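Structure file start_22.txt; described as compact mmCIF, C-alpha atoms and all ligand atoms.
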```txt
# COMPACT_ATOMS: atom_id res chain seq x y z
CA MET A 10 -4.97 -4.75 31.18
CA LYS A 11 -2.73 -1.68 31.32
CA LEU A 12 0.42 -1.83 29.23
CA LEU A 13 3.27 0.68 29.55
CA ILE A 14 5.78 1.19 26.76
CA LYS A 15 8.60 3.06 28.42
CA ASN A 16 12.05 4.40 27.76
CA ILE A 17 11.25 5.55 24.20
CA GLY A 18 14.28 7.54 23.06
CA CYS A 19 12.33 9.35 20.34
CA LEU A 20 8.65 8.98 19.54
CA GLN A 21 8.13 10.34 16.03
CA THR A 22 4.70 10.56 14.42
CA PRO A 23 2.53 12.72 12.20
CA THR A 24 -0.54 14.02 14.00
CA GLY A 25 -4.20 14.29 12.97
CA SER A 26 -6.49 11.86 11.18
CA TYR A 27 -6.45 13.47 7.73
CA SER A 28 -4.19 13.28 4.64
CA HIS A 29 -1.24 15.63 4.93
CA LYS A 30 -0.35 17.77 1.94
CA GLY A 31 2.02 20.62 1.11
CA SER A 32 4.10 21.79 4.06
CA LYS A 33 1.98 19.66 6.44
CA GLN A 34 3.43 16.54 4.82
CA GLY A 35 6.77 17.39 6.43
CA LYS A 36 5.50 18.07 9.96
CA ASN A 37 6.01 15.32 12.52
CA MET A 38 5.74 15.43 16.29
CA LYS A 39 8.92 14.29 18.07
CA LEU A 40 8.82 13.52 21.77
CA TYR A 41 11.96 12.51 23.66
CA ASP A 42 12.27 10.15 26.63
CA ALA A 43 8.64 9.28 26.09
CA ALA A 44 6.19 6.61 27.26
CA ILE A 45 2.86 5.29 25.99
CA LEU A 46 0.04 3.88 28.08
CA VAL A 47 -2.15 1.33 26.28
CA SER A 48 -5.31 -0.48 27.32
CA ASP A 49 -7.64 -2.63 25.22
CA GLY A 50 -5.32 -2.09 22.28
CA ILE A 51 -5.84 1.69 22.30
CA ILE A 52 -3.40 4.48 23.18
CA ARG A 53 -4.65 6.17 26.37
CA GLU A 54 -1.81 8.52 27.30
CA ILE A 55 1.53 9.70 25.95
CA THR A 56 4.16 11.33 28.15
CA GLU A 57 7.58 12.86 27.46
CA ASN A 58 10.76 14.11 29.16
CA GLY A 59 10.97 11.14 31.50
CA LYS A 60 7.52 11.61 33.01
CA LEU A 61 5.47 8.40 33.31
CA PRO A 62 1.70 7.83 33.18
CA GLU A 63 0.16 6.84 36.47
CA GLY A 64 0.36 3.12 37.34
CA PRO A 65 -0.07 0.41 38.35
CA PHE A 66 0.62 -1.39 35.09
CA ASP A 67 -0.04 -5.01 34.26
CA LYS A 68 2.88 -5.16 31.90
CA ALA A 69 5.79 -2.97 30.72
CA ILE A 70 7.83 -3.03 27.53
CA ASP A 71 11.24 -1.35 27.62
CA ALA A 72 12.01 0.41 24.32
CA GLU A 73 15.66 0.75 25.44
CA GLY A 74 16.00 4.35 24.27
CA LYS A 75 15.13 3.49 20.65
CA LEU A 76 12.96 5.18 18.02
CA VAL A 77 9.22 4.42 18.04
CA THR A 78 6.90 5.25 15.13
CA PRO A 79 3.39 4.23 14.12
CA GLY A 80 3.17 0.80 12.47
CA LEU A 81 3.84 1.24 8.76
CA VAL A 82 0.89 1.14 6.37
CA ASP A 83 1.48 -0.46 2.96
CA GLY A 84 -1.28 1.05 0.84
CA HIS A 85 -0.69 -0.84 -2.42
CA THR A 86 0.08 -4.55 -2.86
CA HIS A 87 -0.86 -7.41 -5.16
CA LEU A 88 0.34 -10.03 -2.69
CA VAL A 89 -2.06 -12.86 -3.51
CA PHE A 90 -0.76 -14.60 -6.64
CA GLY A 91 0.09 -18.01 -8.07
CA GLY A 92 3.63 -18.83 -9.19
CA TYR A 93 6.50 -16.42 -9.72
CA ARG A 94 8.01 -14.74 -12.79
CA GLN A 95 11.78 -15.05 -12.51
CA ASN A 96 11.69 -16.37 -16.08
CA GLU A 97 11.05 -12.77 -17.24
CA ILE A 98 14.41 -11.46 -16.11
CA PRO A 99 16.45 -12.68 -19.11
CA MET A 100 13.77 -11.16 -21.41
CA LYS A 101 14.03 -7.88 -19.52
CA LEU A 102 17.81 -7.91 -19.68
CA ALA A 103 17.60 -8.58 -23.42
CA GLY A 104 15.61 -5.36 -23.79
CA ALA A 105 11.92 -6.38 -23.58
CA GLY A 106 9.79 -3.76 -21.85
CA TYR A 107 7.12 -4.48 -19.22
CA LEU A 108 4.32 -3.94 -21.75
CA ASP A 109 6.14 -5.97 -24.47
CA ILE A 110 6.04 -9.02 -22.18
CA LEU A 111 2.35 -8.42 -21.38
CA ARG A 112 1.43 -7.96 -25.06
CA ALA A 113 3.14 -11.28 -25.83
CA GLY A 114 0.76 -13.03 -23.40
CA GLY A 115 3.20 -13.12 -20.47
CA GLY A 116 3.52 -10.74 -17.54
CA ILE A 117 0.25 -10.34 -15.65
CA LEU A 118 -1.36 -12.99 -17.91
CA ASP A 119 1.25 -15.54 -16.88
CA THR A 120 0.36 -14.93 -13.22
CA VAL A 121 -3.34 -15.15 -14.14
CA ARG A 122 -2.85 -18.69 -15.47
CA LYS A 123 -1.06 -19.76 -12.29
CA THR A 124 -3.53 -18.01 -10.00
CA ARG A 125 -6.51 -19.64 -11.70
CA GLU A 126 -4.87 -23.06 -11.23
CA ALA A 127 -4.00 -22.48 -7.58
CA SER A 128 -6.33 -23.73 -4.85
CA PHE A 129 -7.78 -21.44 -2.20
CA ALA A 130 -5.62 -23.17 0.44
CA ALA A 131 -2.40 -22.84 -1.57
CA LEU A 132 -3.02 -19.12 -2.19
CA TYR A 133 -3.90 -18.59 1.46
CA GLU A 134 -0.75 -20.29 2.80
CA LYS A 135 1.57 -18.46 0.41
CA SER A 136 0.00 -15.07 1.12
CA ALA A 137 -0.05 -15.59 4.90
CA ALA A 138 3.72 -16.22 4.78
CA PHE A 139 4.19 -12.90 2.92
CA LEU A 140 2.13 -11.13 5.57
CA ASP A 141 4.30 -12.70 8.32
CA GLU A 142 7.36 -11.28 6.59
CA MET A 143 5.78 -7.84 6.23
CA LEU A 144 4.82 -7.74 9.90
CA ARG A 145 8.37 -8.61 10.88
CA MET A 146 9.47 -5.62 8.82
CA GLY A 147 7.18 -3.19 10.62
CA VAL A 148 4.03 -3.12 8.47
CA THR A 149 0.87 -3.48 10.57
CA THR A 150 -1.81 -2.73 7.93
CA CYS A 151 -1.78 -3.48 4.22
CA GLU A 152 -4.04 -3.15 1.23
CA ILE A 153 -4.32 -6.11 -1.16
CA LYS A 154 -5.73 -6.02 -4.69
CA SER A 155 -7.34 -8.82 -6.65
CA GLY A 156 -6.69 -8.84 -10.40
CA TYR A 157 -4.98 -12.15 -11.22
CA GLY A 158 -8.25 -14.03 -11.69
CA LEU A 159 -9.85 -11.95 -14.46
CA ASP A 160 -12.98 -14.09 -14.54
CA LYS A 161 -15.81 -13.95 -12.06
CA GLU A 162 -15.04 -17.17 -10.26
CA SER A 163 -11.28 -16.61 -9.94
CA GLU A 164 -11.63 -12.96 -8.90
CA LEU A 165 -14.09 -14.02 -6.18
CA LYS A 166 -11.65 -16.75 -5.11
CA MET A 167 -8.86 -14.17 -4.73
CA LEU A 168 -11.13 -11.83 -2.78
CA GLU A 169 -12.20 -14.70 -0.49
CA VAL A 170 -8.52 -15.42 0.17
CA ILE A 171 -7.98 -11.74 1.00
CA ARG A 172 -11.01 -11.82 3.32
CA ALA A 173 -9.72 -14.95 5.10
CA LEU A 174 -6.30 -13.32 5.56
CA GLY A 175 -7.97 -10.30 7.11
CA GLU A 176 -9.97 -12.49 9.48
CA LYS A 177 -7.23 -14.87 10.57
CA HIS A 178 -3.92 -13.06 10.23
CA ALA A 179 -2.55 -10.53 12.72
CA MET A 180 -2.00 -8.07 9.85
CA ASP A 181 -4.93 -5.72 9.19
CA VAL A 182 -5.90 -6.24 5.56
CA VAL A 183 -7.91 -3.89 3.32
CA PRO A 184 -9.32 -5.43 0.11
CA THR A 185 -9.51 -3.81 -3.34
CA PHE A 186 -11.23 -5.31 -6.38
CA MET A 187 -9.04 -4.96 -9.48
CA GLY A 188 -10.81 -7.02 -12.12
CA ALA A 189 -9.65 -4.41 -14.64
CA HIS A 190 -5.97 -5.34 -14.29
CA ALA A 191 -5.53 -6.79 -17.80
CA VAL A 192 -7.66 -8.19 -20.62
CA PRO A 193 -7.95 -11.97 -20.11
CA PRO A 194 -7.29 -14.37 -23.02
CA GLU A 195 -11.03 -15.20 -23.43
CA PHE A 196 -11.64 -11.53 -24.25
CA GLU A 197 -8.58 -10.93 -26.43
CA GLY A 198 -9.36 -8.06 -28.80
CA GLN A 199 -12.65 -7.37 -26.95
CA SER A 200 -11.60 -5.20 -24.08
CA ASP A 201 -14.86 -3.19 -24.18
CA ALA A 202 -16.85 -6.39 -23.74
CA TYR A 203 -14.63 -7.41 -20.82
CA ILE A 204 -15.16 -4.05 -19.09
CA GLU A 205 -18.93 -4.41 -19.64
CA MET A 206 -18.87 -7.89 -18.10
CA LEU A 207 -17.01 -6.54 -15.05
CA CYS A 208 -19.45 -3.64 -14.69
CA THR A 209 -22.62 -5.66 -15.02
CA GLU A 210 -21.70 -9.03 -13.50
CA VAL A 211 -18.69 -8.85 -11.23
CA ILE A 212 -18.75 -5.43 -9.54
CA PRO A 213 -22.35 -5.94 -8.27
CA GLU A 214 -21.48 -9.42 -6.98
CA VAL A 215 -18.36 -8.18 -5.16
CA LYS A 216 -20.49 -5.49 -3.55
CA LYS A 217 -23.26 -7.91 -2.63
CA ARG A 218 -20.79 -10.21 -0.90
CA GLY A 219 -18.98 -7.33 0.81
CA LEU A 220 -15.64 -8.55 -0.54
CA ALA A 221 -13.92 -5.23 -1.32
CA GLU A 222 -13.87 -1.59 -0.22
CA PHE A 223 -12.27 -0.10 -3.33
CA CYS A 224 -12.18 -0.70 -7.08
CA ASP A 225 -8.99 -0.15 -9.07
CA VAL A 226 -8.22 -0.14 -12.81
CA PHE A 227 -4.95 -0.30 -14.80
CA CYS A 228 -5.35 2.75 -17.05
CA GLU A 229 -2.39 2.27 -19.37
CA ASP A 230 -1.29 2.03 -22.98
CA SER A 231 -2.16 -1.49 -24.29
CA VAL A 232 -4.29 -2.21 -21.21
CA PHE A 233 -7.40 -0.04 -20.56
CA THR A 234 -8.01 3.35 -22.17
CA ALA A 235 -9.13 6.37 -20.16
CA LYS A 236 -12.61 5.92 -21.65
CA GLN A 237 -12.83 2.28 -20.56
CA SER A 238 -11.41 3.17 -17.16
CA ARG A 239 -14.07 5.85 -16.77
CA ARG A 240 -16.87 3.39 -17.58
CA TYR A 241 -15.52 0.90 -15.00
CA LEU A 242 -14.99 3.57 -12.33
CA GLU A 243 -18.48 4.96 -12.88
CA ALA A 244 -20.01 1.51 -12.39
CA ALA A 245 -17.87 1.03 -9.28
CA SER A 246 -18.86 4.39 -7.88
CA GLU A 247 -22.55 3.72 -8.55
CA ALA A 248 -22.21 0.41 -6.71
CA GLY A 249 -20.84 2.35 -3.71
CA PHE A 250 -17.09 1.72 -3.99
CA ASP A 251 -14.35 4.27 -3.41
CA LEU A 252 -12.03 4.52 -6.40
CA LYS A 253 -8.36 3.90 -7.07
CA VAL A 254 -6.51 4.14 -10.39
CA HIS A 255 -3.20 2.68 -11.60
CA ALA A 256 -2.29 5.78 -13.58
CA ASP A 257 0.63 6.98 -15.70
CA GLU A 258 2.89 4.06 -14.75
CA ILE A 259 4.47 3.87 -18.18
CA GLU A 260 2.54 6.35 -20.35
CA ASP A 261 0.33 9.27 -19.37
CA ILE A 262 -2.88 8.39 -21.25
CA GLY A 263 -5.06 10.48 -18.94
CA GLY A 264 -5.23 8.22 -15.89
CA SER A 265 -4.20 10.80 -13.31
CA SER A 266 -6.52 13.45 -14.79
CA LEU A 267 -9.38 10.95 -14.68
CA ALA A 268 -8.56 10.01 -11.08
CA GLY A 269 -8.61 13.66 -10.03
CA GLU A 270 -11.76 14.44 -11.98
CA MET A 271 -13.58 11.46 -10.44
CA GLU A 272 -12.22 12.35 -7.00
CA ALA A 273 -10.61 8.95 -6.63
CA ILE A 274 -9.21 8.37 -3.15
CA SER A 275 -5.81 7.62 -4.70
CA ALA A 276 -3.96 7.35 -7.98
CA GLU A 277 -1.02 4.99 -7.99
CA HIS A 278 2.41 4.90 -9.73
CA LEU A 279 2.34 8.30 -11.55
CA ILE A 280 5.85 7.89 -12.95
CA ALA A 281 4.87 9.65 -16.19
CA ILE A 282 2.39 12.19 -14.73
CA GLY A 283 2.22 15.61 -16.38
CA GLU A 284 1.06 19.00 -15.18
CA ASP A 285 -2.62 18.46 -16.07
CA GLY A 286 -2.75 15.27 -14.03
CA MET A 287 -1.18 17.00 -11.06
CA LYS A 288 -3.65 19.86 -11.24
CA ALA A 289 -6.60 17.47 -11.45
CA MET A 290 -5.37 15.40 -8.52
CA ALA A 291 -4.79 18.44 -6.33
CA LYS A 292 -8.31 19.64 -7.16
CA GLY A 293 -9.88 16.22 -6.60
CA GLY A 294 -8.13 15.67 -3.25
CA THR A 295 -6.60 12.48 -4.66
CA THR A 296 -3.62 10.98 -2.82
CA ALA A 297 -0.56 10.07 -4.91
CA MET A 298 0.38 6.49 -3.98
CA LEU A 299 4.00 6.36 -5.13
CA LEU A 300 5.85 3.09 -5.68
CA PRO A 301 9.57 3.80 -5.94
CA ALA A 302 10.69 0.15 -5.73
CA THR A 303 8.75 -0.43 -8.98
CA SER A 304 10.68 2.39 -10.67
CA PHE A 305 13.83 0.75 -9.38
CA TYR A 306 12.88 -2.72 -10.60
CA LEU A 307 11.59 -1.59 -14.00
CA GLY A 308 14.60 0.69 -14.45
CA LYS A 309 12.25 3.63 -14.95
CA HIS A 310 12.14 7.23 -13.88
CA TYR A 311 10.94 8.15 -10.43
CA ALA A 312 7.61 9.92 -9.94
CA PRO A 313 8.02 13.70 -9.41
CA ALA A 314 7.27 13.56 -5.69
CA ARG A 315 8.65 17.03 -4.87
CA PHE A 316 6.46 18.67 -7.53
CA MET A 317 3.45 16.82 -6.19
CA ILE A 318 4.08 18.01 -2.66
CA GLU A 319 4.45 21.55 -4.00
CA ALA A 320 1.21 21.12 -5.98
CA GLY A 321 -0.64 20.30 -2.75
CA ILE A 322 -1.14 16.58 -3.41
CA PRO A 323 -0.88 14.27 -0.38
CA VAL A 324 1.92 11.78 -1.10
CA ALA A 325 1.97 8.18 0.13
CA ILE A 326 4.67 5.58 -0.51
CA ALA A 327 3.86 1.86 -0.85
CA SER A 328 5.65 -1.34 -1.87
CA ASP A 329 3.53 -2.46 -4.89
CA PHE A 330 4.59 -6.00 -3.97
CA ASN A 331 3.70 -8.22 -6.97
CA PRO A 332 5.41 -10.99 -8.95
CA GLY A 333 6.20 -8.86 -12.03
CA SER A 334 7.07 -5.22 -11.62
CA CYS A 335 8.14 -5.36 -7.97
CA PRO A 336 8.91 -8.73 -6.38
CA SER A 337 9.85 -7.10 -3.05
CA LEU A 338 7.59 -6.51 -0.06
CA ASN A 339 10.23 -4.47 1.73
CA LEU A 340 8.65 -1.09 2.52
CA GLN A 341 11.87 -0.06 4.28
CA PHE A 342 13.60 -0.15 0.89
CA ALA A 343 10.87 2.11 -0.52
CA ILE A 344 11.68 4.48 2.37
CA ASN A 345 15.34 4.58 1.26
CA LEU A 346 14.29 5.34 -2.31
CA GLY A 347 11.89 8.03 -1.11
CA TYR A 348 14.86 9.75 0.47
CA LEU A 349 17.50 9.23 -2.22
CA ARG A 350 15.39 9.32 -5.39
CA TYR A 351 12.30 11.35 -4.55
CA ARG A 352 14.39 13.64 -2.31
CA MET A 353 11.64 13.76 0.26
CA THR A 354 12.62 14.65 3.82
CA PRO A 355 12.52 11.96 6.52
CA GLU A 356 9.46 13.67 8.04
CA GLU A 357 7.65 13.74 4.68
CA ILE A 358 8.48 10.08 4.21
CA LEU A 359 7.18 9.02 7.62
CA THR A 360 3.90 10.76 6.76
CA ALA A 361 3.94 8.93 3.41
CA VAL A 362 4.15 5.47 5.02
CA THR A 363 1.73 6.07 7.92
CA ILE A 364 -1.15 8.57 7.97
CA ASN A 365 -1.34 9.32 4.23
CA PRO A 366 -1.73 5.69 3.13
CA ALA A 367 -4.01 5.11 6.14
CA CYS A 368 -6.33 7.84 4.80
CA ALA A 369 -6.04 6.45 1.25
CA ILE A 370 -7.47 3.15 2.53
CA ASP A 371 -10.04 4.89 4.70
CA ARG A 372 -8.42 4.05 8.04
CA GLY A 373 -7.19 7.52 9.01
CA ASP A 374 -9.31 7.71 12.15
CA LEU A 375 -7.99 4.40 13.51
CA ILE A 376 -4.30 4.17 12.62
CA GLY A 377 -1.41 6.05 11.02
CA THR A 378 -0.42 8.25 13.97
CA LEU A 379 0.47 7.70 17.62
CA GLU A 380 -2.11 9.76 19.47
CA VAL A 381 -4.56 9.21 22.30
CA GLY A 382 -7.56 7.24 21.00
CA LYS A 383 -5.71 5.62 18.12
CA ARG A 384 -4.91 1.93 17.87
CA ALA A 385 -1.63 0.92 19.53
CA ASP A 386 0.03 -0.32 16.33
CA LEU A 387 3.65 0.69 16.57
CA VAL A 388 7.23 -0.29 15.86
CA ILE A 389 10.31 -0.09 18.07
CA TRP A 390 13.20 0.35 15.65
CA ASN A 391 16.85 -0.56 15.95
CA ALA A 392 17.58 3.08 15.27
CA PRO A 393 17.84 6.29 17.29
CA ASP A 394 15.98 8.40 14.70
CA PHE A 395 14.01 8.06 11.45
CA GLU A 396 16.98 9.43 9.45
CA MET A 397 18.67 6.10 10.21
CA LEU A 398 15.85 4.24 8.45
CA CYS A 399 16.19 6.49 5.43
CA TYR A 400 19.92 5.90 5.34
CA ARG A 401 20.55 2.22 6.14
CA PHE A 402 19.28 -0.09 3.42
CA GLY A 403 19.03 -3.81 2.88
CA SER A 404 18.65 -4.72 6.57
CA ASN A 405 15.44 -5.08 8.52
CA LEU A 406 15.66 -2.41 11.23
CA ALA A 407 12.41 -3.35 12.98
CA ASP A 408 13.21 -4.52 16.51
CA ARG A 409 9.74 -5.19 17.96
CA VAL A 410 6.36 -4.84 16.30
CA ILE A 411 3.37 -4.11 18.53
CA LYS A 412 -0.12 -4.65 17.17
CA GLU A 413 -3.06 -3.42 19.22
CA GLY A 414 -0.88 -3.38 22.29
CA GLU A 415 0.50 -6.93 21.90
CA ILE A 416 4.10 -7.65 20.95
CA ILE A 417 3.71 -9.87 17.98
CA LEU A 418 7.29 -10.07 16.77
O1 LIG A 501 1.23 -2.13 -10.02
N1 LIG A 501 0.85 -2.28 -13.23
C1 LIG A 501 0.01 -3.09 -12.96
N2 LIG A 501 0.00 -3.89 -11.90
C2 LIG A 501 1.16 -4.18 -11.12
C3 LIG A 501 2.04 -5.19 -11.76
C4 LIG A 501 1.39 -6.50 -11.87
C5 LIG A 501 2.25 -7.57 -12.46
O2 LIG A 501 3.15 -7.31 -13.26
O3 LIG A 501 1.96 -8.72 -12.11
C6 LIG A 501 1.85 -2.89 -10.74
O4 LIG A 501 2.99 -2.63 -11.12
FE FE A 502 0.11 -2.12 -8.58
```
Show me the file's structure as structure tokens.
Amino acid sequence: MKLLIKNIGCLQTPTGSYSHKGSKQGKNMKLYDAAILVSDGIIREITENGKLPEGPFDKAIDAEGKLVTPGLVDGHTHLVFGGYRQNEIPMKLAGAGYLDILRAGGGILDTVRKTREASFAALYEKSAAFLDEMLRMGVTTCEIKSGYGLDKESELKMLEVIRALGEKHAMDVVPTFMGAHAVPPEFEGQSDAYIEMLCTEVIPEVKKRGLAEFCDVFCEDSVFTAKQSRRYLEAASEAGFDLKVHADEIEDIGGSSLAGEMEAISAEHLIAIGEDGMKAMAKGGTTAMLLPATSFYLGKHYAPARFMIEAGIPVAIASDFNPGSCPSLNLQFAINLGYLRYRMTPEEILTAVTINPACAIDRGDLIGTLEVGKRADLVIWNAPDFEMLCYRFGSNLADRVIKEGEIIL
């Protein structure tokens, strides 16, 4: 089955299967009047300047002169959860901070109660609908974290839901175990004991069942200290997991330095990162997974993306979709914020939502760029150029989403 995607006004993509840092972050290939030949879901040939690959073709898709980019990669979500948290908004507006609500037993712990109560089927249906919405908005691969179970049984339930989504849904799903997301009520005041339980009982079981590729920890004031995070990450690393860290979201308590020192594949949030953290991450080859819609929703500062690019840290941008700090799965909005708040260039941003997150979830050789041999995951946009995506906000500009050579939406 030979598929031709023709009449591409502008094909814009980073190139190469590695994380892009420094000046490379801002380099994209742009081909005009281009076409792509696909077979068996893989890109076989790319042409430009009106030239076409050799036929015959079984099928042709007319891109009508529009922009085509790789399918977007959302490298950080918490999209499996019970309930919602709209009840927190009046508390927020009255001045309660994100950690105040958590310390009072709400926040993440509220979602934990509802996720524990929810059945596998209910969680699956709700999450599958979120993935449908993300696909319609141009995301073709996404990472999903556990972390609303916080006991062995409920964490495994979440990870089984994530596995089933990956098997049945058109979206490609990459699972992360995040048992260290908060201290559950049963372990109140005994966070060391909770971390020990995760390290000795849950991490080995997750590995044995092949339910996750990465382990993540919320290294934050009032959540887990850098020392506890280190213990958890060491156990995860020994079990054979790649590491991720929620670091410096609200306070810099050493999370980004730890991530760099332990050569974590990514550190996420980094709103409050300092110079030491940046140095450590650059040295450790750790990708900065930035979440600007969370800064927007929490009313916080924006991570110093420009400094990170200058420091030689690969920058990725993700949604952080979750019921508390970012109840939006719209990665296109994060693109707008990357432009207006981080002051990244459109080219840097495209890299940050394609190849860099792809590498940060260990998929850089399969997806994240449009090149011969890569998977034909791509988006035809209702836009002539990527600048338009950075500029228009609030609308879904995805026209058609193609996953492994099939139009799915
Ligand atoms: O990445 N910060 C920790 N985890 C999520 C929020 C989870 C929640 O509030 O439910 C985040 O922002
Ligand atoms: Fe998060």
Closest-contact table, chain A side, partner ligand FE 502 (chain A), 10 Å, counting only C-alpha atoms and all ligand atoms, as CSV:
```
residue,atom,partner,partner_atom,distance
A:His85,CA,A:FE502,FE,6.3
A:Thr86,CA,A:FE502,FE,6.2
A:His87,CA,A:FE502,FE,6.4
A:Leu88,CA,A:FE502,FE,9.9
A:Ile153,CA,A:FE502,FE,9.5
A:Lys154,CA,A:FE502,FE,8.0
A:Gly156,CA,A:FE502,FE,9.7
A:Met187,CA,A:FE502,FE,9.6
A:His190,CA,A:FE502,FE,8.9
A:Asp225,CA,A:FE502,FE,9.3
A:Val226,CA,A:FE502,FE,9.5
A:Phe227,CA,A:FE502,FE,8.2
A:Val254,CA,A:FE502,FE,9.3
A:His255,CA,A:FE502,FE,6.6
A:Ala256,CA,A:FE502,FE,9.7
A:Glu258,CA,A:FE502,FE,9.2
A:Glu277,CA,A:FE502,FE,7.2
A:His278,CA,A:FE502,FE,7.5
A:Met298,CA,A:FE502,FE,9.8
A:Leu299,CA,A:FE502,FE,9.9
A:Leu300,CA,A:FE502,FE,8.3
A:Thr303,CA,A:FE502,FE,8.8
A:Ala327,CA,A:FE502,FE,9.5
A:Ser328,CA,A:FE502,FE,8.7
A:Asp329,CA,A:FE502,FE,5.0
A:Phe330,CA,A:FE502,FE,7.5
A:Asn331,CA,A:FE502,FE,7.3
A:Gly333,CA,A:FE502,FE,9.7
A:Ser334,CA,A:FE502,FE,8.2
A:Cys335,CA,A:FE502,FE,8.7
```
Inset, instruction - Could you tell me which of A:Val77, A:Leu279, A:Arg112, A:Ser32 comes closest to A:Asp386 if we count all atoms listed in the file? - result: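 For A:Asp386, the nearest of the given residues is A:Val77.
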Draw an axis-aligned box tight on the listed atoms of stretch 404-407 of chain A, then pad every side by 4 Å and write out centre and edge lengths in Å to one decimal as lines of an AutoDock Vina configuration file.
```
center_x = 15.5
center_y = -3.7
center_z = 9.8
size_x = 14.2
size_y = 10.7
size_z = 14.4
```
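With all atoms listed in the file as the atoms that count, the minimum distance from ligand LIG 501 (chain A) to the choices A:Lys30, A:Arg122, A:Arg239, A:Lys383 is reached by A:Arg122.
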Inset, instruction - Go through A:Val89, A:Ile282, A:Leu165, A:Leu252 and flag the residue nearest ligand LIG 501 (chain A), using all atoms listed in the file for the distances. - result: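 Counting all atoms listed in the file, the residue closest to ligand LIG 501 (chain A) is A:Val89.
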